[in-house]
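With compact mmCIF, C-alpha atoms inside, this is data.txt:
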```txt
# COMPACT_ATOMS: atom_id res chain seq x y z
CA MET A 79 241.52 184.21 68.42
CA LYS A 80 244.86 182.49 67.95
CA LEU A 81 246.94 181.02 70.79
CA LEU A 82 250.49 179.71 70.39
CA VAL A 83 252.09 177.50 73.04
CA ARG A 84 255.88 177.28 73.14
CA ALA A 85 256.82 174.05 74.91
CA ASP A 86 259.00 171.03 74.22
CA ALA A 87 259.09 167.44 75.42
CA SER A 88 261.78 164.75 75.35
CA VAL A 89 263.26 162.03 77.54
CA GLU A 90 265.56 164.62 79.13
CA ILE A 91 262.97 167.41 79.39
CA GLY A 92 260.13 165.09 80.36
CA MET A 93 256.48 165.29 79.35
CA GLY A 94 255.23 167.59 82.10
CA HIS A 95 255.37 170.85 80.13
CA ARG A 96 253.44 169.40 77.24
CA VAL A 97 250.85 167.64 79.41
CA ARG A 98 249.93 170.72 81.40
CA CYS A 99 249.86 172.88 78.28
CA GLN A 100 247.55 170.36 76.64
CA ALA A 101 245.19 170.85 79.57
CA LEU A 102 245.35 174.61 79.02
CA ILE A 103 244.78 174.24 75.27
CA HIS A 104 241.69 172.12 75.94
CA ALA A 105 240.27 174.86 78.16
CA PHE A 106 240.93 177.55 75.53
CA ASN A 107 239.45 175.38 72.78
CA GLU A 108 236.27 175.18 74.83
CA LEU A 109 236.13 178.99 74.66
CA GLY A 110 236.52 179.02 70.88
CA TRP A 111 240.25 179.73 70.56
CA GLN A 112 242.47 178.25 67.85
CA CYS A 113 245.50 176.75 69.59
CA GLN A 114 248.78 175.28 68.38
CA PHE A 115 252.01 174.01 69.91
CA VAL A 116 255.26 175.45 68.62
CA VAL A 117 258.03 172.86 69.04
CA ASP A 118 261.77 172.69 68.46
CA GLN A 119 262.16 170.32 65.51
CA ARG A 120 264.89 168.46 67.41
CA TYR A 121 262.09 167.12 69.63
CA GLN A 122 259.59 166.30 66.90
CA ALA A 123 259.53 162.65 68.02
CA PHE A 124 257.46 163.88 70.98
CA ALA A 125 255.33 166.28 68.93
CA SER A 126 252.09 165.75 67.04
CA GLN A 127 251.33 166.30 63.36
CA GLN A 128 249.39 169.46 64.18
CA ASP A 129 252.37 171.15 65.85
CA CYS A 130 254.39 173.91 64.23
CA LEU A 131 258.07 172.87 64.08
CA ILE A 132 260.73 175.57 64.25
CA GLY A 133 264.49 175.97 64.47
CA GLY A 134 267.48 174.11 63.24
CA GLU A 135 270.64 173.23 65.11
CA SER A 136 270.36 175.58 68.06
CA GLU A 137 267.99 176.98 70.66
CA GLU A 138 268.77 180.51 69.42
CA GLU A 139 267.39 179.69 65.97
CA CYS A 140 264.17 178.55 67.62
CA LYS A 141 263.87 181.69 69.69
CA SER A 142 264.44 183.94 66.69
CA GLU A 143 261.89 182.12 64.56
CA PHE A 144 259.35 182.09 67.35
CA LEU A 145 259.46 185.87 67.75
CA ALA A 146 257.97 186.34 64.29
CA LEU A 147 255.25 183.78 65.01
CA ALA A 148 254.44 185.39 68.34
CA ARG A 149 253.80 188.76 66.73
CA GLN A 150 251.16 187.19 64.46
CA SER A 151 249.19 185.56 67.31
CA ASP A 152 246.71 187.00 69.82
CA LEU A 153 248.19 185.23 72.84
CA VAL A 154 251.42 183.37 73.60
CA VAL A 155 251.87 180.76 76.32
CA LEU A 156 255.52 180.11 77.22
CA ASP A 157 256.37 176.99 79.22
CA HIS A 158 260.09 176.61 78.65
CA TYR A 159 263.10 176.71 81.00
CA GLY A 160 265.39 177.51 78.08
CA TYR A 161 264.08 181.09 78.11
CA SER A 162 265.97 183.42 80.45
CA ALA A 163 264.54 186.65 81.86
CA ASP A 164 266.16 188.56 78.96
CA ASP A 165 264.64 186.15 76.43
CA ILE A 166 261.20 186.61 77.98
CA ALA A 167 261.62 190.39 77.95
CA GLN A 168 262.47 190.27 74.24
CA LEU A 169 259.44 188.04 73.54
CA TYR A 170 257.24 190.48 75.46
CA GLN A 171 258.34 193.27 73.12
CA TYR A 172 256.94 191.24 70.22
CA GLN A 173 253.80 190.06 72.02
CA THR A 174 252.58 191.75 75.21
CA ASN A 175 249.73 189.25 75.56
CA LEU A 176 252.14 186.79 77.12
CA LEU A 177 251.36 184.09 79.68
CA VAL A 178 254.48 182.56 81.27
CA LEU A 179 254.31 179.26 83.13
CA ASP A 180 256.85 179.02 85.91
CA ASP A 181 257.82 176.69 88.76
CA MET A 182 261.09 177.79 90.33
CA ASN A 183 260.89 181.61 90.28
CA ASP A 184 264.66 181.65 89.77
CA ARG A 185 265.07 183.60 86.52
CA GLY A 186 264.96 187.08 88.01
CA GLU A 187 262.51 189.80 86.98
CA PHE A 188 260.82 189.76 83.60
CA PRO A 189 257.65 191.30 82.15
CA ALA A 190 254.49 189.36 81.29
CA LYS A 191 250.78 190.03 81.12
CA TRP A 192 250.07 186.82 83.10
CA LEU A 193 252.31 184.59 85.20
CA LEU A 194 251.09 181.14 86.22
CA ASN A 195 252.69 179.19 89.06
CA PRO A 196 250.75 176.51 90.99
CA LEU A 197 252.95 177.27 94.00
CA GLN A 198 252.71 180.29 96.30
CA GLN A 199 255.43 182.61 95.01
CA ASP A 200 255.95 186.38 94.94
CA TYR A 201 256.68 188.08 91.62
CA SER A 202 257.67 191.61 90.68
CA LYS A 203 255.39 194.42 89.57
CA HIS A 204 256.42 193.63 85.99
CA ILE A 205 253.84 190.84 86.08
CA GLU A 206 250.46 192.46 85.43
CA PHE A 207 248.25 189.55 86.50
CA PRO A 208 249.94 186.87 88.68
CA LEU A 209 248.02 183.58 88.86
CA VAL A 210 249.68 181.73 91.75
CA GLY A 211 248.66 178.87 94.02
CA SER A 212 247.35 175.33 93.63
CA ARG A 213 243.92 176.53 92.45
CA TYR A 214 245.67 177.27 89.16
CA ALA A 215 247.29 173.84 88.78
CA LEU A 216 246.78 172.70 85.17
CA LEU A 217 245.15 169.28 85.23
CA ARG A 218 243.74 167.30 82.34
CA PRO A 219 239.97 167.43 81.68
CA ALA A 220 239.40 164.01 83.30
CA PHE A 221 240.15 165.60 86.69
CA GLN A 222 237.42 168.24 86.40
CA GLN A 223 234.40 166.02 87.04
CA LEU A 224 235.43 163.15 89.26
CA ASP A 225 233.03 160.56 90.64
CA GLU A 226 232.69 161.34 94.35
CA SER A 227 231.34 157.89 95.26
CA GLN A 228 233.08 156.17 98.16
CA SER A 229 235.64 153.49 97.39
CA SER A 230 238.16 151.40 99.32
CA PRO A 231 241.41 151.67 97.35
CA GLU A 232 243.94 148.90 97.89
CA GLN A 233 246.69 149.52 95.32
CA LEU A 234 250.17 150.98 95.51
CA LEU A 235 250.44 152.99 92.28
CA ILE A 236 253.94 153.41 90.86
CA THR A 237 254.22 156.14 88.24
CA LEU A 238 257.54 157.82 87.48
CA GLY A 239 256.32 160.26 84.85
CA GLY A 240 255.96 160.16 81.09
CA THR A 241 259.61 159.23 80.49
CA ASP A 242 260.97 158.01 83.87
CA PRO A 243 264.20 159.93 83.09
CA LEU A 244 266.30 158.25 85.80
CA ALA A 245 264.87 154.77 85.08
CA LEU A 246 263.75 154.28 88.68
CA THR A 247 260.72 152.05 88.14
CA LEU A 248 262.64 148.77 87.89
CA PRO A 249 264.92 149.27 90.93
CA ILE A 250 261.90 150.37 92.99
CA LEU A 251 260.00 147.23 91.99
CA ASN A 252 263.03 145.10 92.89
CA ALA A 253 263.34 146.76 96.28
CA LEU A 254 259.63 146.30 97.01
CA LEU A 255 259.88 142.59 96.31
CA VAL A 256 263.02 142.27 98.46
CA SER A 257 261.08 143.95 101.30
CA ASN A 258 258.31 141.34 100.87
CA PHE A 259 255.73 143.94 99.84
CA PRO A 260 252.77 141.93 98.43
CA THR A 261 252.83 142.05 94.63
CA LYS A 262 249.04 141.73 94.39
CA TYR A 263 248.73 145.32 95.61
CA ILE A 264 251.21 146.83 93.13
CA GLN A 265 249.98 148.71 90.05
CA VAL A 266 252.62 150.06 87.65
CA LEU A 267 251.82 152.90 85.27
CA LEU A 268 254.39 153.54 82.53
CA GLY A 269 254.49 156.55 80.27
CA ALA A 270 254.42 155.90 76.55
CA ASN A 271 258.11 156.92 76.35
CA ALA A 272 259.34 155.50 79.66
CA LYS A 273 262.96 154.40 79.89
CA ASN A 274 263.56 150.65 80.15
CA ALA A 275 259.84 150.03 79.55
CA ASP A 276 260.45 146.61 77.97
CA GLN A 277 262.46 145.46 80.98
CA VAL A 278 259.84 146.76 83.40
CA ILE A 279 257.02 145.03 81.52
CA HIS A 280 258.97 141.76 81.48
CA PHE A 281 259.60 142.04 85.23
CA CYS A 282 255.92 142.71 85.87
CA ARG A 283 254.83 139.70 83.80
CA VAL A 284 257.32 137.36 85.48
CA ASN A 285 256.24 138.50 88.95
CA ASN A 286 252.51 138.79 88.20
CA ILE A 287 252.42 142.55 88.79
CA ALA A 288 249.70 144.63 87.15
CA PHE A 289 250.89 147.27 84.67
CA GLU A 290 249.56 149.74 82.13
CA GLN A 291 251.40 151.90 79.62
CA GLY A 292 250.52 155.15 77.87
CA LEU A 293 247.03 155.61 79.31
CA ALA A 294 245.18 158.71 78.15
CA ASP A 295 243.06 158.77 81.31
CA VAL A 296 244.92 157.90 84.50
CA THR A 297 242.12 158.78 86.93
CA PRO A 298 240.73 155.20 87.23
CA LEU A 299 244.12 153.92 88.41
CA MET A 300 244.57 156.83 90.80
CA LYS A 301 241.12 156.20 92.23
CA GLN A 302 242.17 152.63 93.05
CA ALA A 303 245.37 153.82 94.75
CA LYS A 304 245.66 153.61 98.53
CA MET A 305 249.13 155.17 98.19
CA ALA A 306 251.50 156.08 95.36
CA ILE A 307 255.16 156.26 94.48
CA SER A 308 255.50 159.03 91.94
CA ALA A 309 257.77 161.55 90.28
CA ALA A 310 257.10 165.03 91.61
CA GLY A 311 256.17 166.91 88.44
CA GLY A 312 252.63 167.71 87.36
CA THR A 313 251.52 164.31 88.69
CA LEU A 314 251.89 165.78 92.18
CA PHE A 315 248.84 167.97 91.62
CA GLU A 316 246.90 165.12 89.99
CA LEU A 317 247.51 162.86 92.99
CA ALA A 318 246.57 165.67 95.35
CA CYS A 319 243.32 166.19 93.45
CA MET A 320 242.58 162.46 93.80
CA GLY A 321 243.54 162.47 97.49
CA VAL A 322 246.29 159.86 97.14
CA PRO A 323 248.99 159.91 99.89
CA THR A 324 252.30 159.74 98.04
CA ILE A 325 256.01 159.11 98.48
CA PHE A 326 257.60 161.30 95.81
CA ALA A 327 260.84 160.58 93.98
CA GLN A 328 262.35 163.92 93.02
CA VAL A 329 263.88 163.39 89.59
CA ALA A 330 264.48 167.02 88.50
CA ASP A 331 265.66 170.23 90.11
CA ASN A 332 262.51 172.13 89.11
CA GLN A 333 260.50 169.92 91.50
CA THR A 334 262.35 171.30 94.55
CA ARG A 335 260.04 174.16 95.49
CA SER A 336 256.91 172.13 94.90
CA LEU A 337 258.08 169.53 97.42
CA GLN A 338 259.29 172.21 99.82
CA GLN A 339 255.72 173.53 99.95
CA HIS A 340 253.82 170.24 99.91
CA VAL A 341 255.82 167.87 102.14
CA PRO A 342 255.33 170.06 105.26
CA LEU A 343 251.56 169.84 104.71
CA ASN A 344 251.93 166.14 105.67
CA TRP A 345 250.07 164.53 102.80
CA CYS A 346 253.27 163.31 101.14
CA ARG A 347 256.93 162.46 101.67
CA SER A 348 259.88 162.70 99.31
CA VAL A 349 263.28 161.25 98.48
CA ARG A 350 265.64 163.15 96.19
CA PHE A 351 267.37 161.43 93.27
CA ASP A 352 268.31 164.18 90.81
CA ASN A 353 271.34 165.48 92.74
CA VAL A 354 273.07 162.15 93.47
CA VAL A 355 275.30 160.01 91.29
CA GLU A 356 273.85 156.85 89.81
CA ASP A 357 275.85 154.59 92.15
CA VAL A 358 274.17 156.21 95.17
CA ARG A 359 270.61 156.06 93.85
CA GLN A 360 270.05 152.56 95.20
CA GLN A 361 270.32 153.96 98.72
CA GLY A 362 267.55 156.41 97.86
CA VAL A 363 265.43 153.60 96.42
CA GLU A 364 265.80 151.61 99.65
CA GLN A 365 264.92 154.72 101.69
CA LEU A 366 261.83 155.30 99.55
CA VAL A 367 260.61 151.71 99.87
CA GLU A 368 261.22 151.79 103.63
CA GLU A 369 259.00 154.88 103.83
CA VAL A 370 256.28 153.15 101.80
CA ASN A 371 256.29 150.14 104.10
CA ARG A 372 256.20 152.40 107.16
CA ARG A 373 253.13 154.25 105.88
CA TRP A 374 251.27 151.36 104.21
CA LEU A 375 249.47 150.26 107.38
CA ASP A 376 249.26 153.72 108.96
CA HIS A 377 245.58 154.23 108.21
CA GLN A 378 245.28 157.37 110.35
CA TRP A 379 248.04 159.12 108.41
CA GLN A 380 246.54 158.01 105.11
CA GLN A 381 243.11 159.33 106.05
CA ASN A 382 244.47 162.72 107.15
CA ALA A 383 246.81 162.93 104.16
CA SER A 384 243.99 162.22 101.72
CA ARG A 385 241.80 164.92 103.24
CA ILE A 386 244.59 167.50 103.15
CA ALA A 387 245.53 166.66 99.57
CA ARG A 388 241.97 166.98 98.27
CA SER A 389 241.64 170.41 99.88
CA LEU A 390 244.55 171.73 97.82
CA VAL A 391 243.54 171.00 94.20
CA ASP A 392 240.05 170.90 92.70
CA GLY A 393 240.91 169.98 89.10
CA ASN A 394 239.52 173.19 87.58
CA GLY A 395 242.77 175.14 87.29
CA ALA A 396 243.04 175.09 83.50
CA LYS A 397 239.43 176.20 83.10
CA ARG A 398 239.97 178.92 85.71
CA VAL A 399 243.06 180.27 83.93
CA ALA A 400 241.47 180.20 80.46
CA GLU A 401 238.39 182.05 81.68
CA LYS A 402 240.46 184.74 83.40
CA VAL A 403 242.60 185.32 80.33
CA ASN A 404 239.64 185.17 77.95
CA SER A 405 237.76 187.77 80.00
CA TYR A 406 240.62 190.20 79.37
CA PHE A 407 240.01 189.95 75.61
CA LEU A 408 236.29 190.49 76.08
CA MET A 409 236.73 193.83 77.86
CA PRO A 410 235.63 196.88 75.84
```
As structure tokens, the full file:
Amino acid sequence: MKLLVRADASVEIGMGHRVRCQALIHAFNELGWQCQFVVDQRYQAFASQQDCLIGGESEEECKSEFLALARQSDLVVLDHYGYSADDIAQLYQYQTNLLVLDDMNDRGEFPAKWLLNPLQQDYSKHIEFPLVGSRYALLRPAFQQLDESQSSPEQLLITLGGTDPLALTLPILNALLVSNFPTKYIQVLLGANAKNADQVIHFCRVNNIAFEQGLADVTPLMKQAKMAISAAGGTLFELACMGVPTIFAQVADNQTRSLQQHVPLNWCRSVRFDNVVEDVRQQGVEQLVEEVNRRWLDHQWQQNASRIARSLVDGNGAKRVAEKVNSYFLMP
């Protein structure tokens, strides 16, 4: 059985779409499927050699070329905000075995065999099998079988996503030091394509701050984290799975609904950066660091937050989705 995944990654788009689709591909591979990414060639710097590159100078060329590929596959996974409801409806005409990944539920009605959203959202009757809620969060395989042994985490993990699109890591580190937060407790995790990575690494070395870049398995660092400062993409569900109380920096509009659902559960807090001009971001950084310092010694909140977070995500979402979809193809 052949599965095609239409998703892109770049500094502007971020790495979240690709990371969660990689988790899904791993789960389908385990069931014997042949899987391949289909990527806009303009973003090939973030692709792998095994990916199928399509398109030319425009998104429309990509969409047209992908339609022909979709018809030749058994299943299509679409994780792409560039596709409107009309685009999805056209793709569905070419391939009815269509799984759409969604976050915002803001594109109107469209048809699909499966719809996956790790948030609680209502979709129209045009979706045959909705897969909604945090039990379907797509986490990497390392999150499926975590060591449950007790530990006493001490670190503040700072991770602003695969690309850190707003380059927030350095100003956050500066603000932490100005607030006299002890550097021995800070652990920085940079994505392989993070903005200003060289400057951040230099700052960490000068100030004796621990850092890692481009780790394939982030679970050891998350296990050591007493709290985290993080972007609010797919990492939100990873940190929830690990039970890490977090102050989220919202760096993209598509993170809005996720935070609207999770912040009221009282395992995390958030500060928004994507809708303010660059000159005003420093105020948000100071607000974020103030919140970290307020919560750092609040052990009761941390304990409750960790328990709530763990109850939301079990790490088996990708496996759960793949098995549900695969069972459809096994029906007589």
Give me the segment 178-281 of chain A side of the contact with segment 381-402 of chain A, cut-off 9 Å, one line per residue showing its nearest atom pair and distance in Å at one decimal, counting only C-alpha atoms, sorted by chain and residue number, as a tab-separated table.
```
residue	atom	partner	partner_atom	distance
A:Leu194	CA	A:Val399	CA	8.4
A:Pro196	CA	A:Gly395	CA	8.9
A:Leu209	CA	A:Val399	CA	7.7
A:Ser212	CA	A:Val391	CA	5.8
A:Arg213	CA	A:Gly395	CA	5.5
A:Tyr214	CA	A:Gly395	CA	4.1
A:Ala215	CA	A:Gly395	CA	4.9
A:Leu216	CA	A:Ala396	CA	4.7
A:Leu217	CA	A:Gly393	CA	5.8
A:Arg218	CA	A:Gly393	CA	7.8
A:Pro219	CA	A:Gly393	CA	7.9
A:Ala220	CA	A:Gly393	CA	8.5
A:Phe221	CA	A:Gly393	CA	5.1
A:Gln222	CA	A:Gly393	CA	4.7
A:Gln223	CA	A:Gly393	CA	7.9
A:Leu224	CA	A:Gly393	CA	8.8
```
### Message
I'd like the neighbourhood of segment 254-267 of chain A as a PyMOL selection string, where a residue qualifies if any of its atoms comes within 10 Å (using all atoms listed in the file), though same-chain residues fewer than 6 positions away should be ignored.
### Response
chain A and resi 231-240+247-248+278-279+282+285-293+296+299-300+302-308+363-364+366-368+370-371+374
If we count only C-alpha atoms, what is near segment 116-131 of chain A at a cut-off of 8 Å, once residues fewer than 4 positions away on the same chain are taken out, given as a PDB file with C-alpha atoms, keeping the file's coordinate frame?
```
ATOM      1  CA  LEU A  82     250.490 179.710  70.390  1.00  0.00           C
ATOM      2  CA  VAL A  83     252.090 177.500  73.040  1.00  0.00           C
ATOM      3  CA  ARG A  84     255.880 177.280  73.140  1.00  0.00           C
ATOM      4  CA  ALA A  85     256.820 174.050  74.910  1.00  0.00           C
ATOM      5  CA  ASP A  86     259.000 171.030  74.220  1.00  0.00           C
ATOM      6  CA  ALA A  87     259.090 167.440  75.420  1.00  0.00           C
ATOM      7  CA  SER A  88     261.780 164.750  75.350  1.00  0.00           C
ATOM      8  CA  GLU A 135     270.640 173.230  65.110  1.00  0.00           C
ATOM      9  CA  GLU A 137     267.990 176.980  70.660  1.00  0.00           C
ATOM     10  CA  CYS A 140     264.170 178.550  67.620  1.00  0.00           C
ATOM     11  CA  PHE A 144     259.350 182.090  67.350  1.00  0.00           C
TER      12      PHE A 144
END
```
### Task
May I have the residues at most 9 Å from (269.2, 160.1, 94.8) in the file's coordinates, counting all atoms listed in the file, as a ChimeraX atom specification?
/A:327-329,349-356,358-363
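Atom CA of Ala318 of chain A is found 16.6 Å from atom CA of Val97 of chain A.
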